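Structure file query_26.pdb (PDB, C-alpha atoms, pLDDT in the B column) follows.
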ATOM      1  CA  MET A   1       0.000   0.000   0.000  1.00 29.00           C
ATOM      2  CA  ARG A   2       1.349   3.396  -0.984  1.00 28.00           C
ATOM      3  CA  ILE A   3       1.084   6.240   1.502  1.00 35.00           C
ATOM      4  CA  SER A   4      -0.281   9.323  -0.235  1.00 36.00           C
ATOM      5  CA  LYS A   5       1.130  11.739   2.329  1.00 39.00           C
ATOM      6  CA  PRO A   6       4.628  10.551   3.262  1.00 40.00           C
ATOM      7  CA  TYR A   7       5.221  13.507   5.559  1.00 43.00           C
ATOM      8  CA  LEU A   8       2.427  12.275   7.803  1.00 45.00           C
ATOM      9  CA  ARG A   9       4.011  10.603  10.768  1.00 43.00           C
ATOM     10  CA  SER A  10       2.078   7.818  12.340  1.00 47.00           C
ATOM     11  CA  THR A  11       4.160   8.131  15.509  1.00 50.00           C
ATOM     12  CA  SER A  12       2.520  11.437  16.431  1.00 56.00           C
ATOM     13  CA  ILE A  13      -0.920   9.891  15.991  1.00 58.00           C
ATOM     14  CA  GLN A  14       0.159   6.911  18.104  1.00 59.00           C
ATOM     15  CA  CYS A  15       1.313   9.270  20.854  1.00 56.00           C
ATOM     16  CA  TYR A  16      -2.030  11.045  20.875  1.00 58.00           C
ATOM     17  CA  LEU A  17      -3.824   7.710  20.936  1.00 56.00           C
ATOM     18  CA  CYS A  18      -1.655   6.524  23.836  1.00 56.00           C
ATOM     19  CA  LEU A  19      -2.389   9.724  25.781  1.00 57.00           C
ATOM     20  CA  LEU A  20      -6.052   9.382  25.044  1.00 54.00           C
ATOM     21  CA  LEU A  21      -6.386   5.759  26.113  1.00 60.00           C
ATOM     22  CA  ASN A  22      -3.897   5.523  28.986  1.00 61.00           C
ATOM     23  CA  SER A  23      -4.588   8.605  31.021  1.00 57.00           C
ATOM     24  CA  HIS A  24      -7.229  10.806  32.500  1.00 56.00           C
ATOM     25  CA  PHE A  25      -7.275  12.527  29.125  1.00 53.00           C
ATOM     26  CA  LEU A  26     -10.328  10.418  28.233  1.00 57.00           C
ATOM     27  CA  THR A  27     -12.818  13.246  28.527  1.00 67.00           C
ATOM     28  CA  GLU A  28     -14.905  14.984  25.933  1.00 69.00           C
ATOM     29  CA  ALA A  29     -12.284  17.739  25.610  1.00 64.00           C
ATOM     30  CA  GLY A  30      -9.521  15.147  25.250  1.00 64.00           C
ATOM     31  CA  ILE A  31     -11.373  13.388  22.493  1.00 67.00           C
ATOM     32  CA  HIS A  32     -11.858  16.709  20.685  1.00 65.00           C
ATOM     33  CA  VAL A  33      -8.121  17.460  20.958  1.00 64.00           C
ATOM     34  CA  PHE A  34      -7.341  14.027  19.558  1.00 63.00           C
ATOM     35  CA  ILE A  35      -9.738  14.408  16.625  1.00 70.00           C
ATOM     36  CA  PHE A  36      -8.488  17.909  15.763  1.00 65.00           C
ATOM     37  CA  SER A  37      -4.894  16.684  15.977  1.00 66.00           C
ATOM     38  CA  CYS A  38      -5.619  13.887  13.543  1.00 61.00           C
ATOM     39  CA  ILE A  39      -7.369  16.254  11.155  1.00 68.00           C
ATOM     40  CA  SER A  40      -4.569  18.824  11.297  1.00 60.00           C
ATOM     41  CA  ALA A  41      -1.948  16.141  10.665  1.00 58.00           C
ATOM     42  CA  GLY A  42      -3.737  15.264   7.448  1.00 57.00           C
ATOM     43  CA  LEU A  43      -4.067  18.818   6.153  1.00 51.00           C
ATOM     44  CA  PRO A  44      -1.832  19.756   3.220  1.00 50.00           C
ATOM     45  CA  LYS A  45       1.329  21.661   3.978  1.00 47.00           C
ATOM     46  CA  THR A  46       1.269  25.376   3.361  1.00 47.00           C
ATOM     47  CA  GLU A  47       3.026  25.989   0.101  1.00 48.00           C
ATOM     48  CA  ALA A  48       5.418  28.778  -0.583  1.00 55.00           C
ATOM     49  CA  ASN A  49       4.304  31.413  -2.994  1.00 85.00           C
ATOM     50  CA  TRP A  50       5.595  31.428  -6.587  1.00 89.00           C
ATOM     51  CA  GLN A  51       5.657  35.232  -6.344  1.00 92.00           C
ATOM     52  CA  ASP A  52       8.465  34.863  -3.789  1.00 93.00           C
ATOM     53  CA  VAL A  53      10.434  32.865  -6.369  1.00 93.00           C
ATOM     54  CA  ILE A  54       9.893  35.671  -8.913  1.00 94.00           C
ATOM     55  CA  SER A  55      11.055  38.172  -6.302  1.00 94.00           C
ATOM     56  CA  ASP A  56      14.257  36.198  -5.679  1.00 95.00           C
ATOM     57  CA  LEU A  57      14.882  35.986  -9.432  1.00 95.00           C
ATOM     58  CA  GLY A  58      14.629  39.783  -9.591  1.00 95.00           C
ATOM     59  CA  ARG A  59      17.107  40.092  -6.739  1.00 95.00           C
ATOM     60  CA  ILE A  60      19.544  37.749  -8.496  1.00 94.00           C
ATOM     61  CA  GLU A  61      19.205  39.783 -11.717  1.00 94.00           C
ATOM     62  CA  PHE A  62      20.005  42.931  -9.751  1.00 93.00           C
ATOM     63  CA  LEU A  63      22.976  41.363  -7.937  1.00 92.00           C
ATOM     64  CA  ILE A  64      24.618  39.960 -11.067  1.00 91.00           C
ATOM     65  CA  GLN A  65      24.635  43.367 -12.764  1.00 89.00           C
ATOM     66  CA  SER A  66      27.755  44.314 -10.824  1.00 85.00           C
ATOM     67  CA  ILE A  67      29.467  40.962 -11.396  1.00 87.00           C
ATOM     68  CA  HIS A  68      30.777  39.559 -14.642  1.00 84.00           C
ATOM     69  CA  ILE A  69      29.666  35.952 -14.936  1.00 86.00           C
ATOM     70  CA  ASP A  70      31.071  34.374 -18.050  1.00 86.00           C
ATOM     71  CA  ALA A  71      29.040  31.190 -18.001  1.00 89.00           C
ATOM     72  CA  ASN A  72      26.662  29.556 -20.417  1.00 93.00           C
ATOM     73  CA  LEU A  73      23.847  27.685 -18.759  1.00 94.00           C
ATOM     74  CA  TYR A  74      21.501  25.021 -20.057  1.00 94.00           C
ATOM     75  CA  THR A  75      18.333  26.994 -20.694  1.00 94.00           C
ATOM     76  CA  GLU A  76      14.859  25.812 -21.639  1.00 91.00           C
ATOM     77  CA  SER A  77      13.467  28.665 -23.695  1.00 85.00           C
ATOM     78  CA  ASP A  78      10.581  26.850 -25.411  1.00 83.00           C
ATOM     79  CA  ALA A  79       9.158  24.736 -22.606  1.00 80.00           C
ATOM     80  CA  TYR A  80       5.795  23.155 -23.152  1.00 84.00           C
ATOM     81  CA  PRO A  81       3.416  23.369 -20.213  1.00 85.00           C
ATOM     82  CA  SER A  82       3.559  19.574 -20.055  1.00 87.00           C
ATOM     83  CA  CYS A  83       7.326  19.776 -19.383  1.00 89.00           C
ATOM     84  CA  LYS A  84       7.412  22.620 -16.869  1.00 90.00           C
ATOM     85  CA  VAL A  85       8.403  20.459 -13.877  1.00 89.00           C
ATOM     86  CA  THR A  86      11.317  18.930 -15.799  1.00 90.00           C
ATOM     87  CA  ALA A  87      12.378  22.372 -17.037  1.00 91.00           C
ATOM     88  CA  LEU A  88      12.235  23.820 -13.532  1.00 92.00           C
ATOM     89  CA  GLY A  89      14.407  20.962 -12.282  1.00 91.00           C
ATOM     90  CA  CYS A  90      17.028  21.835 -14.890  1.00 93.00           C
ATOM     91  CA  PHE A  91      16.922  25.503 -13.934  1.00 95.00           C
ATOM     92  CA  LEU A  92      17.410  24.641 -10.269  1.00 94.00           C
ATOM     93  CA  LEU A  93      20.452  22.498 -11.124  1.00 94.00           C
ATOM     94  CA  GLU A  94      21.997  25.292 -13.182  1.00 95.00           C
ATOM     95  CA  LEU A  95      21.658  27.768 -10.309  1.00 94.00           C
ATOM     96  CA  ASP A  96      24.619  26.005  -8.683  1.00 93.00           C
ATOM     97  CA  VAL A  97      26.775  27.173 -11.602  1.00 93.00           C
ATOM     98  CA  ILE A  98      25.813  30.784 -10.886  1.00 93.00           C
ATOM     99  CA  VAL A  99      26.760  30.321  -7.220  1.00 93.00           C
ATOM    100  CA  GLU A 100      30.173  28.904  -8.183  1.00 92.00           C
ATOM    101  CA  GLU A 101      30.886  31.480 -10.889  1.00 90.00           C
ATOM    102  CA  SER A 102      29.818  34.499  -8.853  1.00 91.00           C
ATOM    103  CA  ASP A 103      31.518  33.600  -5.568  1.00 88.00           C
ATOM    104  CA  ASN A 104      29.175  36.116  -3.921  1.00 91.00           C
ATOM    105  CA  ALA A 105      27.544  35.519  -0.527  1.00 93.00           C
ATOM    106  CA  ASP A 106      24.380  37.535  -1.320  1.00 94.00           C
ATOM    107  CA  ILE A 107      23.826  35.657  -4.564  1.00 94.00           C
ATOM    108  CA  LYS A 108      24.456  32.338  -2.836  1.00 95.00           C
ATOM    109  CA  GLU A 109      21.960  33.132  -0.069  1.00 96.00           C
ATOM    110  CA  THR A 110      19.313  34.324  -2.532  1.00 95.00           C
ATOM    111  CA  ILE A 111      19.760  31.247  -4.736  1.00 95.00           C
ATOM    112  CA  GLU A 112      19.513  28.932  -1.734  1.00 95.00           C
ATOM    113  CA  ASN A 113      16.278  30.665  -0.716  1.00 95.00           C
ATOM    114  CA  LEU A 114      14.911  30.522  -4.264  1.00 95.00           C
ATOM    115  CA  SER A 115      15.753  26.806  -4.543  1.00 94.00           C
ATOM    116  CA  SER A 116      14.103  26.081  -1.228  1.00 92.00           C
ATOM    117  CA  LEU A 117      10.930  27.966  -2.195  1.00 92.00           C
ATOM    118  CA  ALA A 118      10.705  26.315  -5.611  1.00 91.00           C
ATOM    119  CA  LYS A 119      11.247  22.827  -4.169  1.00 88.00           C
ATOM    120  CA  GLU A 120       8.616  23.523  -1.523  1.00 87.00           C
ATOM    121  CA  ASN A 121       6.177  24.548  -4.255  1.00 84.00           C
ATOM    122  CA  LEU A 122       7.002  21.434  -6.251  1.00 82.00           C
ATOM    123  CA  SER A 123       6.502  19.122  -3.283  1.00 78.00           C
ATOM    124  CA  SER A 124       2.784  18.906  -4.005  1.00 69.00           C
ATOM    125  CA  ILE A 125       3.350  17.768  -7.597  1.00 68.00           C
ATOM    126  CA  VAL A 126       6.444  15.578  -7.299  1.00 60.00           C
ATOM    127  CA  ASN A 127       4.551  12.521  -8.535  1.00 62.00           C
ATOM    128  CA  THR A 128       3.932  14.184 -11.890  1.00 67.00           C
ATOM    129  CA  THR A 129       5.506  12.180 -14.684  1.00 70.00           C
ATOM    130  CA  GLU A 130       6.382  14.087 -17.810  1.00 81.00           C
ATOM    131  CA  SER A 131       7.345  12.294 -20.984  1.00 84.00           C
ATOM    132  CA  GLY A 132       8.903  13.603 -24.149  1.00 86.00           C
ATOM    133  CA  CYS A 133      10.786  16.354 -22.337  1.00 89.00           C
ATOM    134  CA  LYS A 134      14.375  17.276 -23.067  1.00 89.00           C
ATOM    135  CA  GLU A 135      17.127  16.277 -20.665  1.00 92.00           C
ATOM    136  CA  CYS A 136      19.019  19.195 -19.125  1.00 92.00           C
ATOM    137  CA  GLU A 137      22.125  18.523 -21.229  1.00 94.00           C
ATOM    138  CA  GLU A 138      20.054  18.664 -24.425  1.00 93.00           C
ATOM    139  CA  LEU A 139      18.992  22.244 -23.780  1.00 94.00           C
ATOM    140  CA  GLU A 140      20.521  25.228 -25.509  1.00 94.00           C
ATOM    141  CA  GLU A 141      23.280  27.037 -23.641  1.00 95.00           C
ATOM    142  CA  LYS A 142      22.616  30.717 -23.021  1.00 95.00           C
ATOM    143  CA  ASN A 143      24.157  33.509 -20.955  1.00 93.00           C
ATOM    144  CA  VAL A 144      23.046  34.247 -17.411  1.00 93.00           C
ATOM    145  CA  LYS A 145      20.716  37.105 -18.336  1.00 93.00           C
ATOM    146  CA  GLU A 146      18.803  34.986 -20.874  1.00 94.00           C
ATOM    147  CA  PHE A 147      18.819  32.061 -18.436  1.00 95.00           C
ATOM    148  CA  LEU A 148      17.135  34.157 -15.739  1.00 95.00           C
ATOM    149  CA  GLN A 149      14.545  35.509 -18.203  1.00 95.00           C
ATOM    150  CA  SER A 150      13.649  31.969 -19.267  1.00 95.00           C
ATOM    151  CA  PHE A 151      13.563  30.869 -15.620  1.00 95.00           C
ATOM    152  CA  ARG A 152      11.091  33.673 -14.912  1.00 95.00           C
ATOM    153  CA  HIS A 153       8.948  32.478 -17.852  1.00 93.00           C
ATOM    154  CA  ILE A 154       8.829  28.918 -16.461  1.00 93.00           C
ATOM    155  CA  VAL A 155       7.810  30.196 -13.014  1.00 93.00           C
ATOM    156  CA  GLN A 156       5.066  32.266 -14.684  1.00 92.00           C
ATOM    157  CA  MET A 157       3.747  29.006 -16.166  1.00 90.00           C
ATOM    158  CA  PHE A 158       3.335  27.666 -12.616  1.00 87.00           C
ATOM    159  CA  ILE A 159       1.635  30.880 -11.478  1.00 87.00           C
ATOM    160  CA  ASN A 160      -0.804  30.803 -14.402  1.00 86.00           C
ATOM    161  CA  THR A 161      -1.880  27.230 -13.668  1.00 79.00           C
ATOM    162  CA  SER A 162      -2.435  27.654  -9.923  1.00 64.00           C
TER     163      SER A 162
END
How would this structure read if it were set down as structure tokens?
Amino acid sequence: MRISKPYLRSTSIQCYLCLLLNSHFLTEAGIHVFIFSCISAGLPKTEANWQDVISDLGRIEFLIQSIHIDANLYTESDAYPSCKVTALGCFLLELDVIVEESDNADIKETIENLSSLAKENLSSIVNTTESGCKECEELEEKNVKEFLQSFRHIVQMFINTS
């Protein structure tokens, strides 16, 4: 049997059940606490906002203006909506190149935040299988400015479908 919500921990439910059955907690209020705890454990996680990802992309664009980054990055410029998760994965991998090439603490921190937000947003659709999409290495190599513009376009695809 496949668990649909892997982040749900059965141990916390077992603890509540133990408290409920083995103590004086067996009152009407205790039962309500137990039921609400079970319901809240099953609620979906709060997702980060794609607008925050766009904001971080803008910050990165601003920060790289003062730095010369001579790197070509695999860039998906013509992503189909059916391949947006794959494309976003490639963009997230290429962000590491920007961190290495820039050697800038502000850029590194912003990219780490952006990656975290994007992965958090993707956590609800990780089981999406996309076929017919290009591998990262098959994508066209473009400069950092074009890479960030294409990245922004992919994020807009996620915003438009939510």
Using only C-alpha atoms, determine which residues lie at most 9 Å from A:Glu76, disregarding the query and same-chain residues fewer than 3 positions distant; provide the list as a short mmCIF file (atom, residue, chain, number, x, y, z; two decimals) with C-alpha atoms, in the frame of the given file.
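Output file part.cif is given in full below:
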data_model
loop_
_atom_site.label_atom_id
_atom_site.label_comp_id
_atom_site.auth_asym_id
_atom_site.auth_seq_id
_atom_site.Cartn_x
_atom_site.Cartn_y
_atom_site.Cartn_z
CA ALA A 79 9.16 24.74 -22.61
CA ALA A 87 12.38 22.37 -17.04
CA LEU A 88 12.24 23.82 -13.53
CA CYS A 90 17.03 21.84 -14.89
CA PHE A 91 16.92 25.50 -13.93
CA LYS A 134 14.38 17.28 -23.07
CA CYS A 136 19.02 19.20 -19.12
CA LEU A 139 18.99 22.24 -23.78
CA GLU A 140 20.52 25.23 -25.51
CA GLU A 141 23.28 27.04 -23.64
CA PHE A 147 18.82 32.06 -18.44
CA SER A 150 13.65 31.97 -19.27
CA PHE A 151 13.56 30.87 -15.62
CA ILE A 154 8.83 28.92 -16.46
#
### Gap from atom CA of A:Ser131 to atom CA of A:Val53 - Å, one decimal
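Between these atoms lies a distance of 25.4 Å.
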### Task
For atom CA of A:Asp78 and atom CA of A:Gly132, quote the distance in Å rounded to one decimal.
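Separation of atom CA of A:Asp78 and atom CA of A:Gly132: 13.4 Å.
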### Task
For the file shown, report as a PyMOL selection string the outcome of the PyMOL selection byres ((chain A and resi 64-73) around 9) at residue level.
chain A and resi 59-63+74-75+91+94-95+97-98+101-102+104+107+139-145+147
#### Entry: Given only C-alpha atoms as the counted atoms, nearest of A:Glu138, A:Val85, A:Leu57, A:Ile35 to A:Asn113
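So, comparing all the options, the nearest one is A:Leu57.
Computed from the coordinates, the atom CA of A:Cys133 to atom CA of A:Ile54 distance equals 23.5 Å.
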All file atoms of stretch 140-146 of chain A boxed axis-aligned, 8 Å per side, centre plus edges, as lines of an AutoDock Vina configuration file:
center_x = 21.5
center_y = 31.2
center_z = -21.5
size_x = 21.4
size_y = 27.9
size_z = 24.1
### Task
Rank A:Glu146, A:Asp103, A:Asp96, A:Asp56 by their smallest atom-to-atom distance to A:Leu117, using all atoms listed in the file, and report the top residue only.
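Closest to A:Leu117, using all atoms listed in the file: A:Asp56.
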For A:Trp50, please output as a short mmCIF file (atom, residue, chain, number, x, y, z; two decimals) with C-alpha atoms, in the frame of the given file all residues within 9 Å (counting all atoms listed in the file; exclusion window: fewer than 4 positions along the same chain).
data_model
loop_
_atom_site.label_atom_id
_atom_site.label_comp_id
_atom_site.auth_asym_id
_atom_site.auth_seq_id
_atom_site.Cartn_x
_atom_site.Cartn_y
_atom_site.Cartn_z
CA ILE A 54 9.89 35.67 -8.91
CA SER A 55 11.06 38.17 -6.30
CA LEU A 117 10.93 27.97 -2.19
CA ALA A 118 10.70 26.32 -5.61
CA ASN A 121 6.18 24.55 -4.26
CA VAL A 155 7.81 30.20 -13.01
CA GLN A 156 5.07 32.27 -14.68
CA PHE A 158 3.34 27.67 -12.62
CA ILE A 159 1.64 30.88 -11.48
#
